[in-house]
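Working notes, beginning with the structure itself.
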Amino acid sequence: MGIYNAWCDRVPVIVVGGNELDAATRPPGVPTFHSAQDITRWCATSPSGTTRRSRCSISHSPSCAPYKIAMTPPHGPVMISLDAGLQQEPMKDHGDKPYIPRYVPTAPPQGDSGAVKEAARLLAGAQNPVIVADRAARTPNGVKLLVQLAEALQARVIDQGGRMNFPRTHYLSAPPTAVNNADVIIGLELSDFGPR
């Protein structure tokens with residue numbers, strides 16, 4: 001449930017777990033039941049113990065794909081799955097020092113420029129625009145930008161409560177019924193347009 005809750009709240013978490021990959025050597029019963037696949041955004045598995053570098057995928061991976069994916073919006077849990085047999089195999093030598101590349105963050109995803117221009121055109125020409133926000137503002141600056149957008153458009157804002165997106169005391173804060181009179185509605189990171 002902890003991983004599921006992290007996924008629901010878009011929390012970046014790196015989970016390190018084990019798995020019995022080889023069914024030919026896996027004992028029956030509990031080890032098989034516990035060898036489930038993951039419920040995360042991404043999963044890496046290190047199946048081979050032939051080299052020190054592959055044995056150190058746990059130290060190599062967090063600086064690469066798992067960390068980048070967890071930290072790129074929308075955030076979420078990722079998993080590194082280590083084979084149980086590999087974990088139990090003794091290390092015979094220390095081998096080469098693992099290479100950990102410098103972390104370079106990934107740019108957050110963004111909308112197609114043509115679609116963004118069309119949305120801006122529709123909003124600018126609307127008489128009664130409404131903004132429905134769920135998980136859009138991730139930072140205090142995100143809240144500030146949402147307020148600026150609403151004020152520039154004089155758009156009513158329905159905050160679905162997924163995050164603190166829009167101040168409820170602001171004069172443009174609106175109940176879900178505000179969509180009834182809207183001529184243009186824009187949704188910002190919604191699970192759905194319906195009220196919670």
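Here's how to read the names in the structure tokens: chain A, B, ... by the order shown, residue numbers from 1 in each chain, ligand numbers from 1 in the order shown.
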
Open item on the list: Just want the 12 Å neighbourhood of His170 (chain A), counted on only C-alpha atoms, with same-chain residues fewer than 6 positions away dropped. Output as a ChimeraX atom specification.
Closed with: /A:143-144,146-148,150-151,154-159

For C-alpha atoms, I'd like the residues from the last selection saved as a compact mmCIF listing (two decimals), in the first residue's frame.
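Final output, result.txt:
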```txt
# COMPACT_ATOMS: atom_id res chain seq x y z
CA VAL A 143 0.34 28.34 -7.42
CA LYS A 144 1.45 31.91 -8.18
CA LEU A 146 -2.00 29.62 -11.79
CA VAL A 147 -3.35 32.70 -9.98
CA GLN A 148 -1.74 34.95 -12.60
CA ALA A 150 -6.74 33.03 -13.84
CA GLU A 151 -6.54 36.77 -13.22
CA GLN A 154 -10.71 36.41 -15.47
CA ALA A 155 -11.36 32.67 -15.44
CA ARG A 156 -13.17 30.93 -12.61
CA VAL A 157 -11.04 28.18 -11.05
CA ILE A 158 -12.32 24.89 -9.68
CA ASP A 159 -9.66 23.33 -7.46
```

Task: Selection: 12 Å around region 110-121 of chain A, only C-alpha atoms, excl. self and same-chain fewer than 2 positions, as a VMD selection string - done: chain A and resid 72 to 74 106 to 108 123 to 126 129 131 149 152 to 153 184 to 189

TODO: Pick out the residues sitting within 9 Å of Gly162 (chain A), and hand them over as a ChimeraX atom specification; count only C-alpha atoms, and ignore anything fewer than 5 positions along from it in its own chain.
DONE: /A:9,133-136,190

May I have the residues from that selection written out with C-alpha atoms, as a PDB file, in the first residue's frame?
```pdb
ATOM      1  CA  ASP A   9       0.139  11.161  -4.591  1.00  0.00           C
ATOM      2  CA  ALA A 133      -7.083  22.115 -11.567  1.00  0.00           C
ATOM      3  CA  ASP A 134      -6.201  18.821  -9.901  1.00  0.00           C
ATOM      4  CA  ARG A 135      -2.433  18.243  -9.623  1.00  0.00           C
ATOM      5  CA  ALA A 136      -1.053  21.136 -11.637  1.00  0.00           C
ATOM      6  CA  LEU A 190      -6.946  15.942 -14.113  1.00  0.00           C
TER       7      LEU A 190
END
```

Open item on the list: Considering only C-alpha atoms, can you say which of A:Ala6, A:Val132, A:Ala178, A:Leu145 comes closest to Gln160 (chain A)?
Closed with: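 The closest residue to Gln160 (chain A) is A:Val132.
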
- [ ] Record the distance separating CA of Pro77 (chain A) and CA of Val11 (chain A), expressed in Å with one decimal.
- [x] 6.5 Å

Open item on the list: Set the distance at 10 Å and use only C-alpha atoms: which residues neighbour Ile69 (chain A) once local chain neighbours fewer than 2 positions away are removed? I'd like the list as a ChimeraX atom specification.
Closed with: /A:12-14,41-42,62,64-67,71-78,105-106

- [ ] For Asp22 (chain A), work out the shell of residues within 10 Å, counting only C-alpha atoms and skipping chain neighbours fewer than 3 positions away, then give it as a PyMOL selection string.
- [x] chain A and resi 19+25-27+47+83-85

- [ ] From region 141-195 of chain A, collect each residue whose DSSP state is helix (DSSP H, G or I) and return the set as an NGL selection string.
- [x] :A and (141-153 or 176-181)

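Residue nearest Ala70 (chain A), chosen from A:Asn181, A:Arg10, A:Tyr4, A:Ala174 and counting only C-alpha atoms: A:Arg10.
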
TODO: Measure the distance from CA of Pro109 (chain A) to CA of Asp192 (chain A) in Å and round it to one decimal.
DONE: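 Interatomic distance, CA of Pro109 (chain A) to CA of Asp192 (chain A): 19.6 Å.
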
Open item on the list: Just list as a ChimeraX atom specification whatever in region 141-178 of chain A DSSP marks as strand (DSSP E or B).
Closed with: /A:156-159,173

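Distance-wise, CA of Asn128 (chain A) and CA of Thr177 (chain A) end up 12.9 Å apart.
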